[in-house]
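With compact mmCIF, C-alpha atoms and all ligand atoms inside, this is structure-v8.txt:
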# COMPACT_ATOMS: atom_id res chain seq x y z
CA MET A 1 24.91 2.98 10.55
CA SER A 2 28.64 2.20 10.59
CA ASP A 3 28.04 -0.47 13.22
CA SER A 4 25.41 -2.23 11.15
CA ARG A 5 27.65 -2.23 8.09
CA LEU A 6 30.50 -3.76 10.05
CA ASN A 7 28.18 -6.53 11.18
CA SER A 8 26.62 -7.10 7.78
CA VAL A 9 26.90 -10.26 5.73
CA ARG A 10 27.76 -9.89 2.05
CA HIS A 11 25.68 -11.75 -0.50
CA GLY A 12 26.35 -12.02 -4.24
CA ARG A 13 29.11 -9.92 -5.80
CA ALA A 14 31.91 -9.88 -3.25
CA ASP A 15 34.21 -7.12 -4.52
CA GLY A 16 33.77 -3.39 -4.06
CA ALA A 17 31.21 -1.50 -2.05
CA ALA A 18 27.75 -3.02 -1.73
CA GLY A 19 25.22 -1.80 -4.29
CA VAL A 20 22.33 -2.55 -1.95
CA ARG A 21 22.13 -2.54 1.85
CA ALA A 22 19.38 -3.72 4.17
CA THR A 23 19.17 -2.86 7.86
CA PRO A 24 16.38 -3.95 10.17
CA LEU A 25 14.58 -1.27 12.17
CA HIS A 26 13.75 -2.80 15.51
CA HIS A 27 12.05 -1.13 18.42
CA ARG A 28 9.64 0.99 16.44
CA ALA A 29 6.00 0.95 17.45
CA LEU A 30 3.70 0.27 14.48
CA ALA A 31 -0.08 0.44 14.27
CA THR A 32 -2.80 0.61 11.67
CA LEU A 33 -5.29 3.45 11.97
CA VAL A 34 -8.62 3.11 10.16
CA ALA A 35 -11.18 5.91 10.09
CA GLY A 36 -14.80 5.09 10.71
CA ARG A 37 -17.34 5.68 7.96
CA GLY A 38 -17.62 9.40 7.37
CA GLN A 39 -15.12 10.13 10.14
CA THR A 40 -11.97 11.02 8.16
CA ALA A 41 -12.20 14.79 8.60
CA ALA A 42 -12.96 14.57 12.33
CA LEU A 43 -10.13 12.07 12.77
CA ALA A 44 -7.64 14.28 10.93
CA GLU A 45 -8.52 17.13 13.27
CA ARG A 46 -7.98 14.99 16.38
CA ILE A 47 -4.73 13.46 15.13
CA GLY A 48 -3.50 16.89 14.05
CA THR A 49 -4.15 18.29 17.50
CA ARG A 50 -2.60 15.36 19.34
CA PHE A 51 0.51 14.75 17.21
CA GLY A 52 1.03 18.11 15.50
CA LEU A 53 0.84 16.99 11.91
CA CYS A 54 -1.53 16.89 8.96
CA LEU A 55 -2.82 13.36 8.30
CA PRO A 56 -2.07 12.65 4.60
CA THR A 57 -4.98 11.93 2.26
CA THR A 58 -2.63 10.57 -0.41
CA PRO A 59 0.11 7.88 -0.33
CA ARG A 60 2.56 10.06 1.60
CA ARG A 61 4.49 9.95 4.86
CA VAL A 62 4.19 12.87 7.25
CA SER A 63 6.02 13.05 10.55
CA SER A 64 6.34 15.15 13.65
CA GLY A 65 9.02 14.33 16.20
CA SER A 66 9.21 10.58 16.68
CA VAL A 67 5.75 9.92 15.17
CA ALA A 68 4.89 9.39 11.51
CA PHE A 69 1.81 8.42 9.50
CA VAL A 70 1.95 6.76 6.08
CA GLY A 71 -1.17 6.80 3.89
CA VAL A 72 -1.95 3.25 2.76
CA GLY A 73 -5.53 3.68 1.48
CA PRO A 74 -8.55 5.97 1.71
CA GLY A 75 -9.13 6.54 5.42
CA ARG A 76 -6.29 4.15 6.36
CA TRP A 77 -2.79 4.78 7.69
CA LEU A 78 0.25 2.96 8.97
CA ALA A 79 1.28 4.88 12.07
CA MET A 80 4.66 4.59 13.79
CA ASP A 81 6.54 5.90 16.77
CA GLU A 82 10.32 5.56 16.88
CA THR A 83 10.44 5.79 20.65
CA GLY A 84 7.23 4.11 21.66
CA ASP A 85 6.11 0.80 22.99
CA GLY A 86 3.55 -0.82 20.66
CA LEU A 87 0.69 -1.17 23.09
CA ALA A 88 1.23 2.31 24.52
CA PHE A 89 1.23 3.76 21.01
CA GLU A 90 -1.98 1.92 20.15
CA THR A 91 -3.55 3.31 23.31
CA ALA A 92 -2.39 6.83 22.43
CA LEU A 93 -3.94 6.50 18.97
CA VAL A 94 -7.22 5.15 20.32
CA GLU A 95 -7.43 8.00 22.81
CA ALA A 96 -6.53 10.62 20.21
CA ALA A 97 -9.05 9.21 17.71
CA ALA A 98 -11.82 9.41 20.33
CA GLY A 99 -14.21 7.06 18.53
CA HIS A 100 -13.48 8.35 15.01
CA ALA A 101 -11.15 5.45 14.14
CA SER A 102 -9.86 2.07 15.21
CA ALA A 103 -6.17 1.47 15.93
CA THR A 104 -4.40 -1.88 16.05
CA ASP A 105 -0.86 -2.57 17.24
CA GLN A 106 1.20 -4.11 14.42
CA SER A 107 4.65 -3.90 16.02
CA ASP A 108 4.95 -7.69 16.02
CA GLY A 109 2.92 -8.19 12.84
CA LEU A 110 5.22 -6.26 10.53
CA VAL A 111 8.95 -6.32 9.87
CA LEU A 112 10.48 -2.98 9.03
CA LEU A 113 13.69 -2.59 7.00
CA ARG A 114 15.72 0.33 5.74
CA LEU A 115 16.98 -0.27 2.20
CA SER A 116 19.66 1.87 0.59
CA GLY A 117 22.53 1.79 -1.85
CA PRO A 118 23.32 3.10 -5.35
CA ASP A 119 21.77 0.03 -7.03
CA LEU A 120 18.66 -0.21 -4.85
CA ARG A 121 16.31 1.03 -7.55
CA ARG A 122 17.64 -1.50 -10.09
CA ALA A 123 17.31 -4.32 -7.55
CA LEU A 124 13.76 -3.37 -6.53
CA ALA A 125 12.77 -3.00 -10.20
CA LYS A 126 13.09 -6.77 -10.57
CA GLY A 127 10.16 -7.35 -8.25
CA ILE A 128 8.13 -4.15 -8.03
CA GLY A 129 5.81 -2.65 -10.64
CA ILE A 130 6.05 1.07 -9.93
CA ASP A 131 8.50 3.77 -10.96
CA LEU A 132 10.91 4.50 -8.10
CA HIS A 133 13.05 7.02 -9.98
CA PRO A 134 13.80 9.89 -7.57
CA ALA A 135 12.22 12.37 -9.97
CA VAL A 136 8.92 10.47 -9.68
CA PHE A 137 9.07 8.83 -6.25
CA ARG A 138 9.94 11.86 -4.18
CA LEU A 139 10.97 12.25 -0.56
CA GLY A 140 7.97 11.39 1.59
CA ASP A 141 6.16 9.53 -1.19
CA ALA A 142 4.76 6.14 -0.19
CA ALA A 143 3.35 3.14 -2.04
CA THR A 144 1.58 -0.06 -1.10
CA THR A 145 2.47 -2.56 -3.79
CA PRO A 146 3.83 -6.12 -4.05
CA PHE A 147 7.52 -6.96 -4.37
CA ALA A 148 7.95 -10.42 -5.90
CA LEU A 149 4.21 -10.94 -5.28
CA ILE A 150 4.70 -10.23 -1.54
CA GLY A 151 2.67 -7.32 -0.20
CA THR A 152 4.73 -4.36 1.00
CA THR A 153 4.36 -0.73 1.98
CA LEU A 154 7.40 1.45 1.33
CA TRP A 155 8.17 5.14 1.65
CA ARG A 156 11.13 7.21 0.59
CA ILE A 157 13.24 8.86 3.27
CA ASP A 158 16.27 11.12 3.17
CA GLY A 159 19.24 8.77 3.39
CA GLY A 160 21.69 11.65 3.70
CA GLY A 161 23.46 10.90 0.42
CA HIS A 162 23.16 12.45 -3.02
CA ALA A 163 19.79 13.87 -4.05
CA HIS A 164 19.31 11.01 -6.50
CA ASP A 165 20.15 8.24 -4.04
CA LEU A 166 17.15 6.14 -3.16
CA THR A 167 16.67 5.21 0.49
CA VAL A 168 13.39 3.65 1.58
CA GLU A 169 11.84 2.06 4.60
CA ILE A 170 9.70 -0.96 3.79
CA ALA A 171 7.16 -2.86 5.88
CA VAL A 172 6.45 -6.54 5.21
CA ALA A 173 4.16 -8.91 7.08
CA ARG A 174 6.39 -10.85 9.50
CA SER A 175 5.26 -14.24 8.17
CA TYR A 176 6.45 -13.20 4.69
CA ALA A 177 9.72 -11.59 5.80
CA ALA A 178 11.90 -14.64 5.09
CA ASP A 179 10.51 -15.01 1.57
CA PHE A 180 10.83 -11.28 0.99
CA LEU A 181 14.48 -11.29 2.07
CA GLN A 182 15.24 -14.29 -0.11
CA ALA A 183 13.73 -12.55 -3.14
CA LEU A 184 15.55 -9.31 -2.32
CA THR A 185 18.85 -11.16 -1.81
CA GLU A 186 18.55 -12.75 -5.25
CA ALA A 187 17.55 -9.46 -6.88
CA ALA A 188 20.45 -7.58 -5.26
CA ALA A 189 23.14 -10.28 -5.59
CA GLU A 190 24.65 -8.99 -8.82
CA PHE A 191 25.23 -5.57 -7.20
CA GLY A 192 26.68 -6.91 -3.94
CA PHE A 193 24.17 -7.04 -1.10
CA ASP A 194 24.99 -6.23 2.51
CA LEU A 195 22.35 -7.76 4.74
CA HIS A 196 22.44 -7.19 8.45
CA PRO A 197 22.24 -10.70 9.94
CA THR A 198 19.49 -9.86 12.41
CA ALA A 199 17.29 -8.85 9.48
CA ARG A 200 16.55 -12.56 9.05
CA GLY A 201 14.93 -12.32 12.50
CA MET B 1 -3.05 -3.48 -18.82
CA ARG B 2 -2.71 -0.71 -16.26
CA ILE B 3 -5.54 0.57 -14.08
CA PRO B 4 -5.35 4.19 -12.86
CA CYS B 5 -6.27 3.78 -9.19
CA PRO B 6 -7.60 7.09 -7.82
CA TYR B 7 -5.58 6.57 -4.62
CA CYS B 8 -2.42 4.72 -5.72
CA GLY B 9 -1.95 5.95 -9.29
CA PRO B 10 -1.44 3.71 -12.34
CA ARG B 11 -0.88 0.07 -11.37
CA ASP B 12 -0.48 -3.20 -13.21
CA ALA B 13 -3.72 -5.18 -13.54
CA HIS B 14 -2.11 -8.04 -11.61
CA GLU B 15 -2.59 -6.01 -8.41
CA PHE B 16 -6.36 -6.10 -8.92
CA THR B 17 -9.19 -8.64 -8.92
CA CYS B 18 -12.09 -8.18 -11.33
CA LEU B 19 -15.64 -8.77 -10.12
CA GLY B 20 -17.32 -7.93 -13.45
CA ASP B 21 -20.39 -5.84 -14.31
CA ALA B 22 -20.77 -2.79 -12.05
CA THR B 23 -24.26 -1.90 -13.23
CA LEU B 24 -26.18 -4.77 -11.62
CA THR B 25 -28.72 -4.05 -8.88
CA ARG B 26 -29.37 -6.68 -6.24
CA PRO B 27 -33.03 -7.80 -6.51
CA ASP B 28 -35.51 -7.55 -3.67
CA PRO B 29 -35.45 -10.97 -1.96
CA ALA B 30 -39.04 -10.44 -0.75
CA ALA B 31 -40.44 -9.87 -4.24
CA PRO B 32 -42.73 -12.61 -5.63
CA ASP B 33 -40.39 -13.21 -8.60
CA ALA B 34 -37.25 -13.20 -6.42
CA ALA B 35 -36.04 -16.65 -7.53
CA SER B 36 -35.94 -15.82 -11.22
CA ALA B 37 -34.70 -12.29 -10.53
CA PHE B 38 -31.77 -13.68 -8.52
CA HIS B 39 -31.06 -16.24 -11.24
CA ASP B 40 -30.64 -13.43 -13.73
CA TYR B 41 -28.69 -11.31 -11.23
CA VAL B 42 -26.20 -14.09 -10.57
CA TYR B 43 -25.87 -15.73 -14.00
CA ARG B 44 -27.10 -13.56 -16.88
CA ARG B 45 -24.55 -11.18 -18.33
CA ASP B 46 -24.39 -9.09 -21.45
CA ASN B 47 -21.20 -9.40 -23.46
CA PRO B 48 -20.75 -5.90 -24.81
CA ALA B 49 -18.15 -4.97 -27.42
CA GLY B 50 -17.18 -1.50 -26.26
CA PRO B 51 -17.26 0.51 -23.03
CA HIS B 52 -18.03 -1.62 -19.96
CA ARG B 53 -18.41 -0.49 -16.35
CA GLU B 54 -16.94 -3.09 -14.03
CA LEU B 55 -15.81 -3.54 -10.42
CA TRP B 56 -12.14 -4.07 -9.60
CA TYR B 57 -10.65 -4.63 -6.14
CA HIS B 58 -7.18 -3.22 -5.52
CA GLY B 59 -6.05 -5.97 -3.16
CA GLY B 60 -2.35 -5.44 -3.96
CA GLY B 61 -2.53 -1.74 -3.10
CA CYS B 62 -5.01 0.45 -1.23
CA ARG B 63 -7.62 -2.32 -0.82
CA SER B 64 -10.35 -0.17 -2.33
CA TRP B 65 -13.16 -1.29 -4.62
CA LEU B 66 -13.09 0.67 -7.87
CA GLU B 67 -15.58 1.17 -10.65
CA VAL B 68 -13.59 1.09 -13.88
CA THR B 69 -14.88 1.93 -17.36
CA ARG B 70 -12.99 -0.26 -19.83
CA ASP B 71 -13.42 -0.76 -23.57
CA THR B 72 -13.66 -4.53 -23.96
CA ARG B 73 -12.24 -4.35 -27.50
CA THR B 74 -9.08 -2.35 -26.73
CA HIS B 75 -8.70 -2.48 -22.91
CA ALA B 76 -8.58 1.33 -23.02
CA ILE B 77 -9.69 2.64 -19.62
CA THR B 78 -11.60 5.92 -19.70
CA ASP B 79 -12.57 6.22 -16.03
CA ALA B 80 -11.70 4.76 -12.62
CA ARG B 81 -13.35 5.90 -9.40
CA PHE B 82 -13.99 4.63 -5.89
CA ALA B 83 -17.02 2.35 -5.87
CA ALA B 84 -17.84 3.69 -2.39
CA ASP B 85 -18.31 7.17 -3.85
CA ARG B 86 -20.92 5.80 -6.22
CA SER B 87 -22.87 3.94 -3.52
CA SER B 88 -22.61 6.79 -1.00
CA ALA B 89 -23.86 9.21 -3.66
CA ALA B 90 -26.86 6.94 -4.16
CA GLN B 91 -27.44 6.84 -0.39
CA GLY B 92 -26.92 10.56 0.07
CA THR B 93 -23.99 10.24 2.47
CA GLU B 94 -20.63 11.86 2.00
CA ASP B 95 -17.74 9.68 3.05
CA ARG B 96 -16.49 6.25 2.14
CA PRO B 97 -15.68 3.48 4.58
ZN ZN C 1 -5.29 1.61 -5.07
Since I need it in another form, could you write the structure as structure tokens?
Ligand SMILES: [Zn+2]
Amino acid sequence: MSDSRLNSVRHGRADGAAGVRATPLHHRALATLVAGRGQTAALAERIGTRFGLCLPTTPRRVSSGSVAFVGVGPGRWLAMDETGDGLAFETALVEAAAGHASATDQSDGLVLLRLSGPDLRRALAKGIGIDLHPAVFRLGDAATTPFALIGTTLWRIDGGGHAHDLTVEIAVARSYAADFLQALTEAAAEFGFDLHPTARG
Amino acid sequence: MRIPCPYCGPRDAHEFTCLGDATLTRPDPAAPDAASAFHDYVYRRDNPAGPHRELWYHGGGCRSWLEVTRDTRTHAITDARFAADRSSAAQGTEDRP
């Protein structure tokens, strides 16, 4: 983390610590997993056996080791592996699902960012229509919802700070990433925004 | 107006697309009166003042079709459920796509 902050570029308010920080998360395998009709229970059993976790039926993130699944809709998940290669992860999902679901590599299709900072909630509130207060949007909670009319999926993670600090990871379609970052930069400018330069990808 | 999505929770109506009346039944295209039946199916709508069952697509969220019961006079929403649950119940199957 300290490395990325040293390399960051400040936008907006220049004095003091940044209110909002954005760091790209490269090298994470991403894939969508979609259960076949009537196959959700059978799929959950297979995924549970293979990856050692309980596939969430609500908008939540569950993880085990380097692998996590985020619920994005009924019978649909965004799956990720911090250590994996995209195609290998897709293959692992297809084999685990054994005909109960389809899996599609999205490692190149989505851009993943970690957003943090004491003013993150106020910055996101300018473009997002859900309540991200830590008392409501709890650790592990996820949401698929637009930011500045750009579709996103975000989930709250433990950023290691105070219990009320908001840290999220957010996935945006790669073709919308530049527009998303421009909107986020404008929303966060008044708080001081540290953006890792490679986030513009 | 907020719609209480059964998967996502309450969301602004801007995240959804409305398809209208949820109570229509697609006519039998092989029936002798199919042409006039389809005309009514496509074009004729009641305009009720009060509770209305309608289809909404949550394209900005979970991408599910919902059946929402909305009072057309007040926009008060008294029910929102997965449309797939309704059709699967009619077909006697359990899950949704
Ligand atoms: Zn929804």
Within-9 Å residues of ligand ZN 1 (chain C), basis all atoms listed in the file, as a list in words: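 After applying the 9 Å limit, what remains is Val72, Gly73, Pro74, Thr144 and Thr145 of chain A; Pro4, Cys5, Pro6, Tyr7, Cys8, Gly9, Pro10, Arg11, Glu15, Phe16, Tyr57, His58, Gly59, Gly60, Gly61, Cys62, Arg63, Ser64, Trp65 and Leu66 of chain B.
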Between CA of Pro59 (chain A) and CA of Pro24 (chain A), distance in Å (one decimal):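 The value is 22.7 Å.
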Could you list the residues in chain A lying within 12 Å of chain B, using all atoms listed in the file, and format the result as a compact mmCIF listing (two decimals) with C-alpha atoms, in the coordinates of the input?
# COMPACT_ATOMS: atom_id res chain seq x y z
CA VAL A 34 -8.62 3.11 10.16
CA ALA A 35 -11.18 5.91 10.09
CA GLY A 36 -14.80 5.09 10.71
CA ARG A 37 -17.34 5.68 7.96
CA GLY A 38 -17.62 9.40 7.37
CA GLN A 39 -15.12 10.13 10.14
CA THR A 40 -11.97 11.02 8.16
CA ALA A 41 -12.20 14.79 8.60
CA ALA A 42 -12.96 14.57 12.33
CA PRO A 56 -2.07 12.65 4.60
CA THR A 57 -4.98 11.93 2.26
CA THR A 58 -2.63 10.57 -0.41
CA PRO A 59 0.11 7.88 -0.33
CA ARG A 60 2.56 10.06 1.60
CA VAL A 70 1.95 6.76 6.08
CA GLY A 71 -1.17 6.80 3.89
CA VAL A 72 -1.95 3.25 2.76
CA GLY A 73 -5.53 3.68 1.48
CA PRO A 74 -8.55 5.97 1.71
CA GLY A 75 -9.13 6.54 5.42
CA ARG A 76 -6.29 4.15 6.36
CA TRP A 77 -2.79 4.78 7.69
CA LEU A 78 0.25 2.96 8.97
CA HIS A 100 -13.48 8.35 15.01
CA ALA A 101 -11.15 5.45 14.14
CA ILE A 128 8.13 -4.15 -8.03
CA GLY A 129 5.81 -2.65 -10.64
CA ILE A 130 6.05 1.07 -9.93
CA ASP A 131 8.50 3.77 -10.96
CA VAL A 136 8.92 10.47 -9.68
CA PHE A 137 9.07 8.83 -6.25
CA ASP A 141 6.16 9.53 -1.19
CA ALA A 142 4.76 6.14 -0.19
CA ALA A 143 3.35 3.14 -2.04
CA THR A 144 1.58 -0.06 -1.10
CA THR A 145 2.47 -2.56 -3.79
CA PRO A 146 3.83 -6.12 -4.05
CA PHE A 147 7.52 -6.96 -4.37
CA ALA A 148 7.95 -10.42 -5.90
CA LEU A 149 4.21 -10.94 -5.28
CA ILE A 150 4.70 -10.23 -1.54
CA GLY A 151 2.67 -7.32 -0.20
CA THR A 152 4.73 -4.36 1.00
CA THR A 153 4.36 -0.73 1.98
CA LEU A 154 7.40 1.45 1.33
Leu93 (chain A) surroundings by all atoms listed in the file, 12 Å radius, close-in-sequence under 3 positions cut, as a ChimeraX atom specification: /A:29-35,43-44,46-51,67-69,77-81,84,86-90,96-105
Computed interatomic separation between CA of Ala187 (chain A) and CA of Ala18 (chain A) (Å):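 Going from CA of Ala187 (chain A) over to CA of Ala18 (chain A), I get 13.1 Å.
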Pairwise distance for CA of Trp155 (chain A) and CA of Ile170 (chain A), rounded to one decimal in Å: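 Between CA of Trp155 (chain A) and CA of Ile170 (chain A) the gap works out to 6.6 Å.
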Nearby residues (only C-alpha atoms) at most 8 Å from region 19-23 of chain B, same-chain spacing under 4 positions excluded, as a PyMOL selection string: chain B and resi 45+52-57+67
Which centre and edge lengths in Å to one decimal define the box along x, y and z that fits every listed atom of region 134-148 of chain A plus 6 Å per side, as JSON?
{"center_x": 7.7, "center_y": 1.0, "center_z": -4.2, "size_x": 24.2, "size_y": 34.8, "size_z": 23.6}
Nearest candidate to Leu113 (chain A) (options A:Glu95, A:Glu169, A:Asp85, A:Asp158; using all atoms listed in the file): A:Glu169
A:Ala92, A:Leu132, A:Ala125, A:Leu112 ranked by distance to Ala177 (chain A), top pick (using all atoms listed in the file): A:Leu112
Contacts of His39 (chain B) within 12 Å, all atoms listed in the file, excl. fewer than 6 positions in-chain, as an MDAnalysis selection string: chainID B and resid 26:27 29 33 45
Residues just named, written with C-alpha atoms as a compact mmCIF listing (two decimals), keeping the file's coordinate frame:
# COMPACT_ATOMS: atom_id res chain seq x y z
CA ARG B 26 -29.37 -6.68 -6.24
CA PRO B 27 -33.03 -7.80 -6.51
CA PRO B 29 -35.45 -10.97 -1.96
CA ASP B 33 -40.39 -13.21 -8.60
CA ARG B 45 -24.55 -11.18 -18.33
